[in-house]
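Chemist: So here's input08.pdb (PDB, C-alpha atoms).
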```pdb
ATOM      1  CA  MET A   1     -14.848   1.165  -7.585  1.00  0.00           C
ATOM      2  CA  THR A   2     -14.040   4.196  -5.489  1.00  0.00           C
ATOM      3  CA  THR A   3     -15.655   3.620  -2.106  1.00  0.00           C
ATOM      4  CA  ARG A   4     -16.371   0.499  -0.066  1.00  0.00           C
ATOM      5  CA  ASN A   5     -18.296   0.406   3.179  1.00  0.00           C
ATOM      6  CA  SER A   6     -18.181  -3.339   3.778  1.00  0.00           C
ATOM      7  CA  HIS A   7     -15.579  -3.439   6.537  1.00  0.00           C
ATOM      8  CA  PRO A   8     -16.955  -4.379   9.968  1.00  0.00           C
ATOM      9  CA  ASN A   9     -15.039  -1.514  11.622  1.00  0.00           C
ATOM     10  CA  ASN A  10     -16.976   1.066   9.580  1.00  0.00           C
ATOM     11  CA  LEU A  11     -14.102   1.789   7.191  1.00  0.00           C
ATOM     12  CA  THR A  12     -14.269   3.224   3.718  1.00  0.00           C
ATOM     13  CA  PHE A  13     -11.710   2.802   0.935  1.00  0.00           C
ATOM     14  CA  GLU A  14     -11.566   5.891  -1.221  1.00  0.00           C
ATOM     15  CA  PRO A  15      -9.219   7.924  -3.401  1.00  0.00           C
ATOM     16  CA  MET A  16      -6.837  10.162  -1.481  1.00  0.00           C
ATOM     17  CA  HIS A  17      -7.563  13.879  -1.849  1.00  0.00           C
ATOM     18  CA  LYS A  18      -5.489  16.917  -0.950  1.00  0.00           C
ATOM     19  CA  ASP A  19      -7.724  17.381   2.115  1.00  0.00           C
ATOM     20  CA  ASP A  20      -6.404  14.024   3.396  1.00  0.00           C
ATOM     21  CA  LEU A  21      -2.771  14.996   2.986  1.00  0.00           C
ATOM     22  CA  GLN A  22      -2.090  16.306   6.482  1.00  0.00           C
ATOM     23  CA  GLN A  23      -3.401  13.100   8.081  1.00  0.00           C
ATOM     24  CA  VAL A  24      -1.556  10.906   5.550  1.00  0.00           C
ATOM     25  CA  LEU A  25       1.713  12.738   6.206  1.00  0.00           C
ATOM     26  CA  ALA A  26       1.246  12.287   9.954  1.00  0.00           C
ATOM     27  CA  ILE A  27       0.854   8.531   9.438  1.00  0.00           C
ATOM     28  CA  GLU A  28       3.829   8.456   7.046  1.00  0.00           C
ATOM     29  CA  ASN A  29       6.036  10.234   9.574  1.00  0.00           C
ATOM     30  CA  GLN A  30       4.954   7.997  12.447  1.00  0.00           C
ATOM     31  CA  CYS A  31       5.410   4.749  10.521  1.00  0.00           C
ATOM     32  CA  PHE A  32       8.671   5.199   8.628  1.00  0.00           C
ATOM     33  CA  GLU A  33      12.222   6.151   9.613  1.00  0.00           C
ATOM     34  CA  ASP A  34      12.733   7.706   6.181  1.00  0.00           C
ATOM     35  CA  PRO A  35       9.284   9.046   5.229  1.00  0.00           C
ATOM     36  CA  TRP A  36       8.304  10.160   1.767  1.00  0.00           C
ATOM     37  CA  SER A  37       8.248  13.915   1.373  1.00  0.00           C
ATOM     38  CA  ALA A  38       5.168  16.112   1.484  1.00  0.00           C
ATOM     39  CA  THR A  39       6.254  17.421  -1.918  1.00  0.00           C
ATOM     40  CA  TYR A  40       6.029  13.936  -3.438  1.00  0.00           C
ATOM     41  CA  PHE A  41       2.480  13.503  -2.164  1.00  0.00           C
ATOM     42  CA  ARG A  42       1.393  17.014  -3.202  1.00  0.00           C
ATOM     43  CA  LEU A  43       2.781  16.711  -6.724  1.00  0.00           C
ATOM     44  CA  SER A  44       1.367  13.223  -7.205  1.00  0.00           C
ATOM     45  CA  LEU A  45      -2.102  14.341  -6.135  1.00  0.00           C
ATOM     46  CA  LYS A  46      -1.892  17.518  -8.205  1.00  0.00           C
ATOM     47  CA  ARG A  47      -0.731  15.753 -11.381  1.00  0.00           C
ATOM     48  CA  PRO A  48      -1.977  12.187 -11.167  1.00  0.00           C
ATOM     49  CA  ARG A  49      -0.586   9.640 -13.575  1.00  0.00           C
ATOM     50  CA  SER A  50      -2.907   7.121 -15.178  1.00  0.00           C
ATOM     51  CA  TYR A  51      -1.103   4.155 -13.598  1.00  0.00           C
ATOM     52  CA  GLU A  52      -0.720   5.600 -10.071  1.00  0.00           C
ATOM     53  CA  TYR A  53      -3.308   5.036  -7.329  1.00  0.00           C
ATOM     54  CA  PHE A  54      -3.450   6.756  -3.932  1.00  0.00           C
ATOM     55  CA  TYR A  55      -6.178   5.435  -1.602  1.00  0.00           C
ATOM     56  CA  VAL A  56      -7.048   5.962   2.033  1.00  0.00           C
ATOM     57  CA  ALA A  57      -8.954   3.984   4.612  1.00  0.00           C
ATOM     58  CA  LYS A  58     -11.179   6.275   6.662  1.00  0.00           C
ATOM     59  CA  ARG A  59     -13.200   5.765   9.780  1.00  0.00           C
ATOM     60  CA  GLU A  60     -15.782   8.525   9.632  1.00  0.00           C
ATOM     61  CA  GLN A  61     -13.657  11.496   8.445  1.00  0.00           C
ATOM     62  CA  THR A  62     -10.379  10.301   9.943  1.00  0.00           C
ATOM     63  CA  VAL A  63      -7.702   8.746   7.751  1.00  0.00           C
ATOM     64  CA  VAL A  64      -6.488   5.627   9.555  1.00  0.00           C
ATOM     65  CA  GLY A  65      -4.341   4.201   6.765  1.00  0.00           C
ATOM     66  CA  TYR A  66      -3.366   4.514   3.146  1.00  0.00           C
ATOM     67  CA  ILE A  67      -1.965   2.548   0.251  1.00  0.00           C
ATOM     68  CA  ILE A  68      -0.169   3.606  -2.906  1.00  0.00           C
ATOM     69  CA  PHE A  69       0.135   1.290  -5.871  1.00  0.00           C
ATOM     70  CA  TYR A  70       0.864   1.267  -9.577  1.00  0.00           C
ATOM     71  CA  ILE A  71      -0.925  -0.737 -12.216  1.00  0.00           C
ATOM     72  CA  LEU A  72       1.870  -0.739 -14.766  1.00  0.00           C
ATOM     73  CA  HIS A  73       0.346  -2.686 -17.639  1.00  0.00           C
ATOM     74  CA  GLU A  74      -1.871  -5.657 -18.323  1.00  0.00           C
ATOM     75  CA  GLU A  75       0.393  -8.128 -16.539  1.00  0.00           C
ATOM     76  CA  GLU A  76       1.964  -6.283 -13.602  1.00  0.00           C
ATOM     77  CA  ALA A  77       1.284  -4.100 -10.562  1.00  0.00           C
ATOM     78  CA  GLN A  78       3.449  -2.746  -7.752  1.00  0.00           C
ATOM     79  CA  ILE A  79       2.450  -1.943  -4.168  1.00  0.00           C
ATOM     80  CA  LEU A  80       4.633   1.045  -3.270  1.00  0.00           C
ATOM     81  CA  ASN A  81       3.556   1.998   0.210  1.00  0.00           C
ATOM     82  CA  ILE A  82       1.052   0.923   2.833  1.00  0.00           C
ATOM     83  CA  ALA A  83       0.740   2.326   6.336  1.00  0.00           C
ATOM     84  CA  VAL A  84      -1.733   2.336   9.208  1.00  0.00           C
ATOM     85  CA  LEU A  85      -1.963   4.875  12.002  1.00  0.00           C
ATOM     86  CA  PRO A  86      -0.023   3.267  14.895  1.00  0.00           C
ATOM     87  CA  ALA A  87      -2.951   3.663  17.320  1.00  0.00           C
ATOM     88  CA  CYS A  88      -5.134   1.728  14.856  1.00  0.00           C
ATOM     89  CA  GLN A  89      -2.766  -1.091  13.988  1.00  0.00           C
ATOM     90  CA  ARG A  90      -3.774  -4.716  14.545  1.00  0.00           C
ATOM     91  CA  GLN A  91      -7.432  -3.935  13.759  1.00  0.00           C
ATOM     92  CA  GLY A  92      -7.477  -5.378  10.233  1.00  0.00           C
ATOM     93  CA  ILE A  93      -6.992  -2.039   8.494  1.00  0.00           C
ATOM     94  CA  GLY A  94      -3.816  -3.092   6.668  1.00  0.00           C
ATOM     95  CA  LYS A  95      -5.551  -6.253   5.520  1.00  0.00           C
ATOM     96  CA  TYR A  96      -8.544  -4.194   4.363  1.00  0.00           C
ATOM     97  CA  LEU A  97      -6.296  -1.785   2.420  1.00  0.00           C
ATOM     98  CA  LEU A  98      -4.389  -4.610   0.761  1.00  0.00           C
ATOM     99  CA  ALA A  99      -7.536  -6.594  -0.093  1.00  0.00           C
ATOM    100  CA  SER A 100      -9.187  -3.487  -1.557  1.00  0.00           C
ATOM    101  CA  ALA A 101      -6.123  -2.610  -3.634  1.00  0.00           C
ATOM    102  CA  LEU A 102      -5.780  -6.178  -4.917  1.00  0.00           C
ATOM    103  CA  GLU A 103      -9.456  -6.148  -5.873  1.00  0.00           C
ATOM    104  CA  MET A 104      -8.808  -3.032  -7.986  1.00  0.00           C
ATOM    105  CA  ILE A 105      -5.581  -4.442  -9.430  1.00  0.00           C
ATOM    106  CA  HIS A 106      -7.342  -7.612 -10.550  1.00  0.00           C
ATOM    107  CA  ALA A 107     -10.643  -5.981 -11.586  1.00  0.00           C
ATOM    108  CA  ASP A 108     -10.006  -6.066 -15.335  1.00  0.00           C
ATOM    109  CA  ALA A 109      -7.007  -8.410 -15.666  1.00  0.00           C
ATOM    110  CA  GLU A 110      -5.023 -10.929 -13.681  1.00  0.00           C
ATOM    111  CA  ARG A 111      -1.689  -9.338 -12.855  1.00  0.00           C
ATOM    112  CA  GLU A 112       1.474 -10.322 -11.060  1.00  0.00           C
ATOM    113  CA  VAL A 113       1.928  -8.033  -8.057  1.00  0.00           C
ATOM    114  CA  PHE A 114       5.250  -7.004  -6.524  1.00  0.00           C
ATOM    115  CA  LEU A 115       6.263  -5.142  -3.374  1.00  0.00           C
ATOM    116  CA  GLU A 116       9.270  -4.617  -1.138  1.00  0.00           C
ATOM    117  CA  VAL A 117       9.233  -5.212   2.600  1.00  0.00           C
ATOM    118  CA  ALA A 118      11.996  -4.787   5.160  1.00  0.00           C
ATOM    119  CA  VAL A 119      13.601  -8.082   6.125  1.00  0.00           C
ATOM    120  CA  SER A 120      13.039  -7.019   9.748  1.00  0.00           C
ATOM    121  CA  ASN A 121       9.317  -6.202   9.305  1.00  0.00           C
ATOM    122  CA  LEU A 122       7.824  -9.514  10.365  1.00  0.00           C
ATOM    123  CA  PRO A 123       4.230  -8.272  10.938  1.00  0.00           C
ATOM    124  CA  ALA A 124       4.046  -6.936   7.365  1.00  0.00           C
ATOM    125  CA  GLN A 125       5.551 -10.146   5.979  1.00  0.00           C
ATOM    126  CA  TYR A 126       2.901 -12.139   7.833  1.00  0.00           C
ATOM    127  CA  LEU A 127       0.152  -9.978   6.303  1.00  0.00           C
ATOM    128  CA  TYR A 128       1.532 -10.380   2.791  1.00  0.00           C
ATOM    129  CA  ARG A 129       1.861 -14.169   3.183  1.00  0.00           C
ATOM    130  CA  GLN A 130      -1.865 -14.305   4.028  1.00  0.00           C
ATOM    131  CA  PHE A 131      -2.502 -12.954   0.525  1.00  0.00           C
ATOM    132  CA  GLY A 132      -0.213 -15.428  -1.206  1.00  0.00           C
ATOM    133  CA  PHE A 133       2.885 -13.253  -1.572  1.00  0.00           C
ATOM    134  CA  ARG A 134       6.186 -15.107  -1.555  1.00  0.00           C
ATOM    135  CA  ILE A 135       9.824 -14.024  -1.503  1.00  0.00           C
ATOM    136  CA  CYS A 136      11.181 -13.785  -5.024  1.00  0.00           C
ATOM    137  CA  GLY A 137      14.312 -11.698  -4.405  1.00  0.00           C
ATOM    138  CA  ILE A 138      16.233  -9.423  -2.072  1.00  0.00           C
ATOM    139  CA  ARG A 139      17.378  -5.811  -2.420  1.00  0.00           C
ATOM    140  CA  LYS A 140      20.520  -5.147  -0.425  1.00  0.00           C
ATOM    141  CA  ASN A 141      20.546  -1.862   1.529  1.00  0.00           C
ATOM    142  CA  TYR A 142      17.136  -0.914   0.087  1.00  0.00           C
ATOM    143  CA  TYR A 143      16.097   0.940   3.245  1.00  0.00           C
ATOM    144  CA  GLY A 144      19.570   2.271   3.989  1.00  0.00           C
ATOM    145  CA  ARG A 145      22.838   0.740   5.031  1.00  0.00           C
ATOM    146  CA  TYR A 146      22.390  -2.829   6.294  1.00  0.00           C
ATOM    147  CA  LYS A 147      18.605  -2.585   5.901  1.00  0.00           C
ATOM    148  CA  ASP A 148      17.714  -5.100   3.239  1.00  0.00           C
ATOM    149  CA  ALA A 149      14.304  -5.664   1.699  1.00  0.00           C
ATOM    150  CA  TYR A 150      12.659  -8.763   0.383  1.00  0.00           C
ATOM    151  CA  VAL A 151      11.028  -8.463  -2.996  1.00  0.00           C
ATOM    152  CA  LEU A 152       7.706 -10.233  -2.679  1.00  0.00           C
ATOM    153  CA  CYS A 153       5.582 -11.346  -5.574  1.00  0.00           C
ATOM    154  CA  LYS A 154       2.140 -12.768  -6.013  1.00  0.00           C
ATOM    155  CA  GLY A 155       1.568 -14.547  -9.281  1.00  0.00           C
ATOM    156  CA  VAL A 156      -1.682 -14.724 -11.137  1.00  0.00           C
ATOM    157  CA  GLU A 157      -2.071 -18.384 -10.211  1.00  0.00           C
ATOM    158  CA  GLU A 158      -2.330 -17.698  -6.460  1.00  0.00           C
ATOM    159  CA  ASP A 159      -5.705 -16.970  -4.876  1.00  0.00           C
ATOM    160  CA  ASP A 160      -6.380 -13.986  -2.609  1.00  0.00           C
ATOM    161  CA  ALA A 161      -6.906 -14.895   1.052  1.00  0.00           C
ATOM    162  CA  THR A 162      -9.510 -12.217   1.672  1.00  0.00           C
TER     163      THR A 162
END
```
Let me see the structure of the file written as structure tokens.
Modeler:
Amino acid sequence: MTTRNSHPNNLTFEPMHKDDLQQVLAIENQCFEDPWSATYFRLSLKRPRSYEYFYVAKREQTVVGYIIFYILHEEEAQILNIAVLPACQRQGIGKYLLASALEMIHADAEREVFLEVAVSNLPAQYLYRQFGFRICGIRKNYYGRYKDAYVLCKGVEEDDAT
């Protein structure tokens, strides 16, 4: 699956391309205090790894969000990054990105899925709980000094709330 058009807000879910990079970097820089570098994105898109997935949500030709995840092996996946353009938040785009990624992750095998989320990021935690994620650990100072992260996991026995 590479493109979906089933979202009511006319969104598509498609692989990120180098032409999307400028818009993705703008979202990255608006959403995170310590954004990932342009070099990381460029190199990852130039030399993709078989387990690494970069996808965008687009409305017409505009990138409104993106998600990066790894499918590490038959039993495990990791959501690395998810962000939505601030002007488009609270429109279901994050939920659409996560549901689409989980559909891909579980397409050929049931996998346990992990992610980190800032302890202070309550809206994101609410979203992840809707999909059955639960706290399974904590990473001290993960986002910098005194900025802890919860490690969330979703086991194969939980159902998606899509």
Chemist: Show me, as JSON, the centre and edge lengths in Å to one decimal of the axis-aligned box that covers every listed atom of segment 110-121 of chain A with 3 Å on each side.
Modeler:
```
{"center_x": 4.3, "center_y": -7.8, "center_z": -2.0, "size_x": 24.6, "size_y": 12.3, "size_z": 29.4}
```
Chemist: Can you turn the PyMOL selection byres ((chain A and resi 31-42) around 12) into a concrete residue list for this file, as a count of residues only?
Modeler: 45
Chemist: Atom CA of Arg134 of chain A and atom CA of Ser100 of chain A are how many Å apart?
Modeler: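 For atom CA of Arg134 of chain A relative to atom CA of Ser100 of chain A, the distance reads 19.3 Å.
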Chemist: How far is it from atom CA of Glu112 of chain A to atom CA of Gly94 of chain A, in Å with one decimal?
Modeler: 19.9 Å
Chemist: Find the residues near Leu115 of chain A: any atom within 10 Å, counting only C-alpha atoms, skip ones fewer than 2 places away on the same chain, and give them as number ranges by chain.
Modeler: A: 69, 77-81, 113, 117, 128, 133, 135, 149-154
Chemist: Just how far from atom CA of Leu122 of chain A is atom CA of Ile93 of chain A, in Å to one decimal?
Modeler: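 Computing the Euclidean distance for atom CA of Ile93 of chain A and atom CA of Leu122 of chain A yields 16.7 Å.
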Chemist: May I ask which of the residues A:Asp108, A:Phe114, A:Ile67, A:Lys95 is the closest one to Tyr126 of chain A, counting all atoms listed in the file?
Modeler: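 Counting all atoms listed in the file, the residue closest to Tyr126 of chain A is A:Lys95.
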Chemist: Restricting the calculation to all atoms listed in the file, which member of A:Gly92, A:Gly155, A:Ala57, A:Ser50 is positioned closest to Leu72 of chain A?
Modeler: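 Looking only at the distances to Leu72 of chain A, the closest residue turns out to be A:Ser50.
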Chemist: Given the choices A:Ile71, A:Leu11, A:Ala109, A:Ala99, which gets closest to Val56 of chain A if the distance is worked out from only C-alpha atoms?
Modeler: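 Comparing A:Ile71, A:Leu11, A:Ala109, A:Ala99 against Val56 of chain A, the winner is A:Leu11.
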Chemist: Return the single residue from A:Glu75, A:Ser120, A:Ile138, A:Tyr51 that is closest to His106 of chain A, with distances computed using all atoms listed in the file.
Modeler: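 Under the stated criterion, the closest residue is A:Glu75.
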